[in-house]
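Q: Provided herewith: target.cif, mmCIF, C-alpha atoms.
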data_protein
loop_
_atom_site.label_atom_id
_atom_site.label_comp_id
_atom_site.auth_asym_id
_atom_site.auth_seq_id
_atom_site.Cartn_x
_atom_site.Cartn_y
_atom_site.Cartn_z
CA MET G 927 10.77 -113.80 -94.41
CA ARG G 928 7.77 -114.06 -96.76
CA THR G 929 6.86 -111.62 -99.55
CA LEU G 930 3.36 -110.87 -100.77
CA GLY G 931 2.08 -113.59 -103.06
CA THR G 932 4.40 -116.24 -101.68
CA PRO G 933 2.38 -119.29 -100.71
CA GLU G 934 2.29 -120.25 -97.05
CA PRO G 935 4.95 -122.86 -96.31
CA GLU G 936 3.62 -126.29 -95.58
CA THR G 937 3.79 -127.27 -91.93
CA ALA G 938 6.14 -130.17 -91.50
CA PRO G 939 4.48 -133.17 -89.93
CA ARG G 940 5.39 -133.68 -86.27
CA THR G 941 7.84 -136.49 -85.73
CA VAL G 942 6.32 -139.39 -83.84
CA THR G 943 8.36 -140.11 -80.72
CA ILE G 944 8.80 -143.08 -78.46
CA GLN G 945 6.82 -141.15 -75.84
CA ASP G 946 3.84 -141.13 -78.23
CA VAL G 947 4.09 -144.89 -78.56
CA ALA G 948 4.37 -145.35 -74.80
CA ARG G 949 1.25 -143.24 -74.17
CA ARG G 950 -0.73 -145.12 -76.81
CA ALA G 951 0.34 -148.51 -75.41
CA GLY G 952 -0.07 -147.47 -71.77
CA VAL G 953 3.49 -148.43 -70.81
CA SER G 954 6.78 -146.67 -70.02
CA THR G 955 9.26 -145.57 -72.67
CA ALA G 956 11.72 -148.09 -71.24
CA THR G 957 9.20 -150.89 -71.91
CA VAL G 958 8.81 -149.71 -75.51
CA SER G 959 12.61 -149.75 -75.96
CA ARG G 960 12.82 -153.20 -74.43
CA ALA G 961 10.00 -154.56 -76.60
CA ILE G 962 11.84 -153.34 -79.71
CA ALA G 963 15.34 -154.42 -78.73
CA LEU G 964 14.58 -157.54 -76.64
CA PRO G 965 11.02 -158.67 -77.48
CA GLU G 966 11.57 -162.09 -75.92
CA ARG G 967 11.95 -160.43 -72.52
CA VAL G 968 8.58 -158.67 -72.66
CA ALA G 969 5.26 -160.30 -71.81
CA ALA G 970 3.25 -161.27 -74.87
CA ALA G 971 0.31 -158.95 -74.09
CA THR G 972 2.62 -156.01 -73.46
CA ARG G 973 4.63 -156.75 -76.59
CA GLU G 974 1.46 -156.83 -78.68
CA ALA G 975 0.27 -153.51 -77.19
CA VAL G 976 3.61 -151.87 -78.01
CA PHE G 977 3.76 -153.09 -81.60
CA SER G 978 0.11 -152.22 -82.15
CA ALA G 979 0.88 -148.67 -80.96
CA ILE G 980 3.89 -148.53 -83.30
CA ARG G 981 1.69 -149.46 -86.25
CA GLU G 982 -1.04 -146.97 -85.30
CA THR G 983 1.34 -144.05 -84.78
CA GLY G 984 3.67 -144.82 -87.65
CA TYR G 985 6.67 -144.70 -85.34
CA THR G 986 9.98 -145.69 -86.94
CA PRO G 987 12.57 -146.85 -84.42
CA ASN G 988 16.00 -145.32 -84.93
CA ALA G 989 18.25 -148.31 -85.38
CA ALA G 990 21.44 -146.26 -85.03
CA ALA G 991 20.27 -144.76 -81.76
CA ARG G 992 19.28 -148.19 -80.47
CA SER G 993 22.69 -149.49 -81.37
CA LEU G 994 24.41 -146.68 -79.49
CA ARG G 995 22.22 -147.18 -76.43
CA ALA G 996 22.91 -150.91 -76.43
CA LYS G 997 26.64 -150.28 -76.07
CA SER G 998 28.17 -149.52 -72.71
CA THR G 999 29.81 -146.11 -72.43
CA LYS G 1000 31.70 -147.26 -69.32
CA MET G 1001 30.95 -143.88 -67.77
CA VAL G 1002 28.94 -142.93 -64.67
CA LEU G 1003 27.53 -139.46 -64.03
CA VAL G 1004 27.81 -138.22 -60.43
CA LEU G 1005 25.71 -135.13 -59.73
CA LEU G 1006 26.59 -132.78 -56.87
CA PRO G 1007 24.98 -129.51 -55.82
CA GLY G 1008 28.33 -127.69 -55.97
CA ILE G 1009 32.06 -127.95 -55.48
CA GLY G 1010 32.69 -126.08 -52.23
CA ASN G 1011 31.44 -128.46 -49.50
CA SER G 1012 34.07 -130.74 -47.94
CA PHE G 1013 31.32 -133.16 -46.91
CA PHE G 1014 31.42 -134.81 -50.34
CA THR G 1015 35.18 -135.53 -50.49
CA PRO G 1016 35.20 -139.00 -48.83
CA VAL G 1017 32.03 -139.93 -50.72
CA LEU G 1018 33.66 -139.12 -54.06
CA ASN G 1019 36.85 -140.95 -53.08
CA ALA G 1020 34.86 -144.11 -52.29
CA LEU G 1021 32.80 -143.85 -55.48
CA GLU G 1022 35.84 -143.32 -57.67
CA GLU G 1023 37.67 -146.28 -56.14
CA VAL G 1024 34.79 -148.72 -56.66
CA PHE G 1025 33.95 -147.52 -60.19
CA THR G 1026 37.61 -147.61 -61.27
CA GLU G 1027 37.92 -151.18 -60.01
CA GLY G 1028 34.76 -151.97 -61.97
CA GLY G 1029 36.23 -150.53 -65.18
CA TYR G 1030 34.16 -147.33 -65.21
CA GLY G 1031 35.13 -143.69 -65.50
CA VAL G 1032 33.36 -140.94 -63.54
CA LEU G 1033 31.89 -137.70 -64.88
CA ILE G 1034 31.20 -135.02 -62.24
CA GLY G 1035 28.31 -132.62 -62.79
CA TYR G 1036 27.31 -129.66 -60.63
CA THR G 1037 23.60 -128.82 -60.62
CA ARG G 1038 23.94 -125.66 -58.47
CA GLN G 1039 20.17 -126.04 -57.95
CA SER G 1040 19.74 -124.59 -61.45
CA ARG G 1041 16.80 -125.77 -63.55
CA SER G 1042 18.73 -125.25 -66.79
CA ARG G 1043 21.62 -127.37 -65.53
CA GLU G 1044 19.24 -130.11 -64.41
CA THR G 1045 17.68 -130.13 -67.88
CA HIS G 1046 21.13 -130.31 -69.45
CA TYR G 1047 22.10 -133.37 -67.42
CA ALA G 1048 18.73 -135.00 -68.06
CA ARG G 1049 19.49 -134.74 -71.77
CA VAL G 1050 22.95 -136.17 -71.28
CA ILE G 1051 21.36 -139.18 -69.61
CA ARG G 1052 18.65 -139.57 -72.26
CA ALA G 1053 21.24 -139.34 -75.04
CA GLY G 1054 22.87 -142.51 -73.72
CA GLN G 1055 26.15 -140.79 -72.84
CA VAL G 1056 26.39 -142.55 -69.46
CA ASP G 1057 25.50 -146.00 -68.18
CA GLY G 1058 24.32 -144.93 -64.74
CA VAL G 1059 23.74 -141.91 -62.49
CA LEU G 1060 24.39 -141.12 -58.83
CA VAL G 1061 22.76 -138.04 -57.33
CA VAL G 1062 24.86 -137.15 -54.28
CA THR G 1063 22.70 -134.51 -52.63
CA GLY G 1064 19.56 -134.02 -50.58
CA ASN G 1065 18.07 -131.87 -53.32
CA VAL G 1066 17.05 -134.16 -56.16
CA PRO G 1067 16.79 -132.38 -59.53
CA ARG G 1068 13.23 -131.16 -60.12
CA ASP G 1069 13.32 -131.48 -63.89
CA GLU G 1070 10.55 -133.81 -65.13
CA GLU G 1071 12.85 -135.16 -67.82
CA PHE G 1072 15.29 -136.22 -65.11
CA VAL G 1073 12.72 -137.96 -62.93
CA SER G 1074 11.40 -139.86 -65.93
CA VAL G 1075 14.73 -141.12 -67.34
CA PRO G 1076 14.43 -144.61 -68.86
CA ASP G 1077 14.79 -147.41 -66.34
CA THR G 1078 17.47 -148.90 -68.60
CA VAL G 1079 19.71 -146.17 -67.12
CA PRO G 1080 19.91 -146.99 -63.40
CA VAL G 1081 19.84 -144.02 -61.03
CA SER G 1082 20.74 -143.98 -57.34
CA LEU G 1083 20.07 -141.24 -54.79
CA MET G 1084 22.42 -140.60 -51.90
CA PHE G 1085 21.37 -138.76 -48.73
CA SER G 1086 17.78 -138.41 -49.91
CA GLU G 1087 14.61 -140.32 -50.62
CA VAL G 1088 12.02 -138.61 -52.77
CA PRO G 1089 8.34 -139.54 -53.26
CA GLY G 1090 7.55 -140.71 -56.77
CA THR G 1091 11.01 -142.07 -57.53
CA ALA G 1092 10.56 -145.74 -56.68
CA GLN G 1093 12.64 -146.66 -59.75
CA PHE G 1094 15.75 -145.21 -58.06
CA SER G 1095 17.93 -146.90 -55.45
CA VAL G 1096 18.31 -144.86 -52.25
CA PHE G 1097 21.25 -144.73 -49.82
CA ASP G 1098 20.83 -142.45 -46.83
CA VAL G 1099 21.06 -142.23 -43.05
CA ASP G 1100 18.43 -141.99 -40.35
CA ASN G 1101 18.55 -138.19 -40.25
CA ARG G 1102 15.60 -137.85 -37.92
CA GLY G 1103 16.68 -140.51 -35.45
CA ALA G 1104 20.31 -139.33 -35.40
CA SER G 1105 19.24 -135.73 -34.81
CA ALA G 1106 17.02 -136.80 -31.93
CA ASP G 1107 20.01 -138.67 -30.48
CA ALA G 1108 22.16 -135.54 -30.73
CA VAL G 1109 19.59 -133.53 -28.76
CA ARG G 1110 19.14 -136.36 -26.25
CA TYR G 1111 22.88 -136.22 -25.60
CA LEU G 1112 22.63 -132.50 -24.83
CA ILE G 1113 19.72 -133.21 -22.49
CA SER G 1114 21.77 -135.93 -20.78
CA GLN G 1115 24.43 -133.30 -20.10
CA GLY G 1116 21.91 -131.21 -18.20
CA HIS G 1117 20.89 -128.77 -20.94
CA ARG G 1118 17.27 -127.68 -20.88
CA ARG G 1119 17.20 -124.67 -23.21
CA ILE G 1120 18.45 -126.00 -26.54
CA ALA G 1121 18.36 -124.16 -29.87
CA HIS G 1122 18.49 -125.57 -33.39
CA ILE G 1123 19.94 -124.22 -36.64
CA PRO G 1124 18.34 -126.09 -39.56
CA GLY G 1125 19.79 -126.17 -43.03
CA ALA G 1126 17.77 -124.93 -45.99
CA GLU G 1127 14.35 -126.43 -45.23
CA SER G 1128 13.56 -126.92 -48.91
CA GLY G 1129 15.75 -130.03 -48.61
CA LEU G 1130 14.54 -133.31 -47.10
CA GLU G 1131 17.63 -133.71 -44.90
CA ALA G 1132 17.08 -130.38 -43.15
CA ARG G 1133 13.40 -131.13 -42.54
CA GLU G 1134 14.19 -134.56 -41.10
CA ARG G 1135 16.85 -133.15 -38.78
CA LEU G 1136 14.48 -130.45 -37.60
CA GLY G 1137 11.92 -133.22 -36.98
CA GLY G 1138 14.44 -135.12 -34.86
CA TYR G 1139 15.15 -132.03 -32.79
CA CYS G 1140 11.43 -131.54 -32.17
CA ASP G 1141 10.98 -135.23 -31.28
CA ALA G 1142 13.67 -135.12 -28.59
CA ILE G 1143 12.41 -131.84 -27.11
CA ARG G 1144 8.82 -133.08 -26.92
CA GLU G 1145 9.58 -136.55 -25.53
CA VAL G 1146 11.03 -135.07 -22.32
CA GLY G 1147 8.19 -132.59 -21.99
CA PHE G 1148 10.13 -129.42 -22.76
CA PRO G 1149 8.15 -126.66 -24.51
CA LEU G 1150 8.92 -126.31 -28.21
CA ASP G 1151 10.05 -122.67 -28.35
CA GLU G 1152 9.98 -121.30 -31.91
CA SER G 1153 12.38 -118.52 -30.89
CA LEU G 1154 15.01 -121.24 -30.49
CA ILE G 1155 14.64 -122.53 -34.08
CA TRP G 1156 16.80 -120.17 -36.12
CA ARG G 1157 15.54 -120.54 -39.66
CA GLY G 1158 16.83 -118.75 -42.73
CA ALA G 1159 19.81 -120.94 -43.59
CA SER G 1160 20.50 -120.98 -47.31
CA ASN G 1161 22.58 -124.13 -47.18
CA PHE G 1162 24.64 -126.42 -44.96
CA ASP G 1163 27.48 -123.88 -44.91
CA PHE G 1164 29.57 -121.58 -42.70
CA ALA G 1165 27.63 -118.47 -43.74
CA SER G 1166 24.36 -119.96 -42.48
CA GLY G 1167 25.94 -120.52 -39.07
CA GLU G 1168 27.26 -116.97 -38.97
CA ARG G 1169 23.78 -115.62 -39.75
CA ALA G 1170 22.29 -117.75 -36.97
CA ALA G 1171 24.62 -116.02 -34.50
CA LYS G 1172 22.47 -112.90 -34.93
CA ASP G 1173 19.48 -114.85 -33.60
CA PHE G 1174 21.55 -115.94 -30.61
CA PHE G 1175 22.58 -112.41 -29.70
CA ALA G 1176 19.02 -111.11 -30.19
CA LEU G 1177 17.71 -113.29 -27.33
CA ASP G 1178 17.64 -112.10 -23.74
CA ASP G 1179 17.18 -115.64 -22.44
CA LYS G 1180 19.92 -117.40 -24.37
CA PRO G 1181 20.16 -121.18 -24.83
CA THR G 1182 22.87 -123.16 -23.07
CA ALA G 1183 23.28 -125.49 -26.08
CA VAL G 1184 22.80 -125.43 -29.84
CA PHE G 1185 22.29 -128.33 -32.26
CA ALA G 1186 23.30 -127.40 -35.83
CA ALA G 1187 22.09 -129.44 -38.80
CA ALA G 1188 25.61 -129.64 -40.28
CA ASP G 1189 29.19 -129.26 -39.12
CA GLU G 1190 29.86 -126.25 -41.33
CA ILE G 1191 26.81 -124.49 -39.86
CA ALA G 1192 28.06 -125.30 -36.36
CA LEU G 1193 31.59 -124.06 -37.06
CA GLY G 1194 30.38 -120.84 -38.67
CA PHE G 1195 28.18 -120.23 -35.63
CA MET G 1196 31.04 -120.96 -33.22
CA ARG G 1197 33.40 -118.62 -35.04
CA ALA G 1198 30.89 -115.77 -34.94
CA LEU G 1199 30.34 -116.25 -31.21
CA LYS G 1200 34.03 -116.50 -30.39
CA ASN G 1201 34.69 -113.29 -32.35
CA ARG G 1202 32.38 -111.54 -29.87
CA GLY G 1203 33.87 -113.08 -26.78
CA VAL G 1204 31.41 -115.92 -26.18
CA GLY G 1205 33.12 -119.02 -24.81
CA ILE G 1206 32.49 -122.48 -26.24
CA PRO G 1207 31.59 -124.61 -24.38
CA SER G 1208 31.92 -122.46 -21.23
CA ASP G 1209 29.06 -120.13 -22.27
CA VAL G 1210 27.21 -122.27 -24.80
CA SER G 1211 27.66 -125.86 -25.99
CA VAL G 1212 27.46 -126.76 -29.69
CA ILE G 1213 26.90 -130.07 -31.47
CA GLY G 1214 26.99 -130.63 -35.23
CA PHE G 1215 26.09 -133.28 -37.78
CA ASP G 1216 28.32 -135.03 -40.40
CA ASP G 1217 31.82 -135.28 -38.82
CA THR G 1218 33.65 -133.52 -41.63
CA GLU G 1219 37.41 -133.05 -41.61
CA TYR G 1220 37.03 -129.55 -40.14
CA ALA G 1221 35.28 -130.83 -37.02
CA VAL G 1222 38.30 -132.43 -35.38
CA HIS G 1223 40.71 -129.59 -36.22
CA TYR G 1224 38.64 -126.70 -34.90
CA ASP G 1225 39.27 -125.23 -31.45
CA PRO G 1226 37.39 -126.57 -29.58
CA ALA G 1227 37.01 -129.80 -31.53
CA LEU G 1228 33.38 -130.30 -32.47
CA THR G 1229 31.10 -132.91 -30.94
CA THR G 1230 29.00 -134.23 -33.81
CA MET G 1231 26.95 -137.05 -35.34
CA ARG G 1232 29.15 -138.98 -37.77
CA GLN G 1233 27.68 -140.04 -41.11
CA PRO G 1234 29.28 -143.21 -42.60
CA ARG G 1235 30.18 -141.44 -45.84
CA ASN G 1236 32.84 -143.87 -47.08
CA GLU G 1237 30.64 -146.89 -46.45
CA MET G 1238 27.67 -145.24 -48.10
CA GLY G 1239 29.75 -144.35 -51.15
CA ARG G 1240 31.01 -147.90 -51.52
CA LEU G 1241 27.55 -149.46 -51.12
CA ALA G 1242 25.95 -147.06 -53.59
CA ALA G 1243 28.67 -147.61 -56.20
CA GLN G 1244 28.56 -151.41 -55.84
CA ASP G 1245 24.77 -151.38 -56.21
CA LEU G 1246 24.97 -149.23 -59.33
CA LEU G 1247 27.59 -151.53 -60.85
CA ARG G 1248 25.26 -154.52 -60.37
CA ARG G 1249 22.32 -152.70 -61.92
CA MET G 1250 24.35 -151.40 -64.88
CA ALA G 1251 25.48 -154.97 -65.58
CA ALA G 1252 21.80 -155.98 -65.94
CA ARG G 1253 20.76 -153.50 -68.61
CA ASP G 1254 17.33 -155.08 -68.89
CA GLY G 1255 16.52 -153.80 -65.40
CA GLY G 1256 16.53 -157.33 -63.95
CA ILE G 1257 18.06 -156.33 -60.59
CA PRO G 1258 15.68 -154.61 -58.16
CA THR G 1259 16.48 -151.24 -56.64
CA SER G 1260 17.89 -150.97 -53.12
CA LYS G 1261 16.74 -148.98 -50.09
CA VAL G 1262 19.58 -148.71 -47.59
CA ARG G 1263 19.47 -146.58 -44.43
CA LEU G 1264 22.61 -146.51 -42.31
CA PRO G 1265 22.94 -145.44 -38.66
CA CYS G 1266 24.99 -142.44 -37.49
CA GLU G 1267 27.43 -142.41 -34.58
CA LEU G 1268 27.84 -139.80 -31.85
CA VAL G 1269 31.44 -138.53 -31.68
CA VAL G 1270 32.09 -136.76 -28.38
CA ARG G 1271 34.81 -134.10 -28.45
CA GLU G 1272 35.24 -130.74 -26.68
CA SER G 1273 32.40 -128.44 -27.75
CA VAL G 1274 29.80 -129.69 -25.24
CA ARG G 1275 30.02 -129.40 -21.46
CA ALA G 1276 27.78 -130.69 -18.73
CA VAL G 1277 25.74 -128.13 -16.80
CA GLU G 1278 24.11 -128.31 -13.37
#
Show me, as structure tokens, the structure contained in the file I just sent.
A:
Amino acid sequence: MRTLGTPEPETAPRTVTIQDVARRAGVSTATVSRAIALPERVAAATREAVFSAIRETGYTPNAAARSLRAKSTKMVLVLLPGIGNSFFTPVLNALEEVFTEGGYGVLIGYTRQSRSRETHYARVIRAGQVDGVLVVTGNVPRDEEFVSVPDTVPVSLMFSEVPGTAQFSVFDVDNRGASADAVRYLISQGHRRIAHIPGAESGLEARERLGGYCDAIREVGFPLDESLIWRGASNFDFASGERAAKDFFALDDKPTAVFAAADEIALGFMRALKNRGVGIPSDVSVIGFDDTEYAVHYDPALTTMRQPRNEMGRLAAQDLLRRMAARDGGIPTSKVRLPCELVVRESVRAVE
């Protein structure tokens, strides 16, 4: 608090950051770091541009921070949307096994689709507290700090590919093609009026699975009936399936089959229908997506599209280990798309 007659405090000069240098030189912050720490690995013209920008801005590299970043923490950050979905269990088991064999520990972070949490984890990454990052969700953090993490910290995305993130490795499945196959199977069983329960359509997975449903319906010449696309799901969870049951009961001309974008959606839907006396599959057939542990134990056991979650976890972890070993970014990113497999159980019946 100032009193009358007290001179105005001098404004402290703004600290010059590595981002300032990068903008002046026209390169990424990772390139600036590399030019300082490993100048022999940077092209001469780029190196000169970086050091010229350092002189012009007066930037002073923090030697202690560089030293810390140069050391391996032997820790990997795995980001999940939340803790409640059983879908992630085999993925985490595979990741943990590969990273442990590689001498790394695993930190688990839950974003809960919260901007503040995304910012927190972006800062953890930028502070050099982990050697690599795996984002195990279809909803990639939106935080700009996260998307622009230095390329000396390798990042991999699982179950999603996002425009503008070419510096990240991607491991996913053919969501659109597998969803079309699920609907084609229903058509092969004689179903003509088929409904779809998408997940939250803000996520890429849900949009791709909806696209696959539409592809299969159109390719056989069926009309695409919007009343059979039951939107409003908040997630790939049981509650979303239970809410979709209201759409089912609101229709006079009910579908004979339903394709749900996730097993938990399918099982929530089935439970709601059974509670009101609707038989599955005698009255309506249901097919899911994922092949979670619940699918085989439900009554009736759920027909579904199986995602190769263990294999995907192993591949993603092995790729990240290779890229963390090359801290100069010498190993290119990977783009891997795995096929899904139809698992036929008891929740679908053939109709005349």
Q: Would you compute the distance between CA of Ser1012 (chain G) and CA of Leu1241 (chain G)? Give it in Å to one decimal.
A: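 For CA of Ser1012 (chain G) relative to CA of Leu1241 (chain G), the distance reads 20.1 Å.
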Q: Which residues come within 12 Å of Arg1157 (chain G), counting all atoms listed in the file, excluding same-chain residues fewer than 3 positions away, as a short mmCIF file (atom, residue, chain, number, x, y, z; two decimals) with C-alpha atoms, keeping the file's coordinate frame?
A:
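For reference, out07.cif as written:
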data_model
loop_
_atom_site.label_atom_id
_atom_site.label_comp_id
_atom_site.auth_asym_id
_atom_site.auth_seq_id
_atom_site.Cartn_x
_atom_site.Cartn_y
_atom_site.Cartn_z
CA ALA G 1121 18.36 -124.16 -29.87
CA HIS G 1122 18.49 -125.57 -33.39
CA ILE G 1123 19.94 -124.22 -36.64
CA PRO G 1124 18.34 -126.09 -39.56
CA GLY G 1125 19.79 -126.17 -43.03
CA ALA G 1126 17.77 -124.93 -45.99
CA GLU G 1127 14.35 -126.43 -45.23
CA SER G 1128 13.56 -126.92 -48.91
CA ALA G 1132 17.08 -130.38 -43.15
CA ARG G 1133 13.40 -131.13 -42.54
CA LEU G 1136 14.48 -130.45 -37.60
CA GLU G 1152 9.98 -121.30 -31.91
CA SER G 1153 12.38 -118.52 -30.89
CA LEU G 1154 15.01 -121.24 -30.49
CA SER G 1160 20.50 -120.98 -47.31
CA ASN G 1161 22.58 -124.13 -47.18
CA SER G 1166 24.36 -119.96 -42.48
CA GLY G 1167 25.94 -120.52 -39.07
CA ARG G 1169 23.78 -115.62 -39.75
CA ALA G 1170 22.29 -117.75 -36.97
CA ALA G 1171 24.62 -116.02 -34.50
CA LYS G 1172 22.47 -112.90 -34.93
CA ASP G 1173 19.48 -114.85 -33.60
CA PHE G 1174 21.55 -115.94 -30.61
CA ALA G 1186 23.30 -127.40 -35.83
CA ALA G 1187 22.09 -129.44 -38.80
CA ILE G 1191 26.81 -124.49 -39.86
#
Q: Can you pull out every residue within 12 Å of Asn1236 (chain G), counting only C-alpha atoms, but drop anything in the same chain fewer than 2 positions away, and send it as a VMD selection string?
A: chain G and resid 1013 to 1024 1084 1097 1216 to 1218 1232 to 1234 1238 to 1243 1264
Q: Would you work out the distance separating CA of Lys1000 (chain G) from CA of Ser1042 (chain G), expressed in Å to one decimal?
A: 25.7 Å
Q: Compare G:Ser959, G:Thr1182, G:Thr983, G:Thr1026 by their minimum atom-to-atom distance to Leu1112 (chain G), counting only C-alpha atoms, and give me the closest one.
A: G:Thr1182
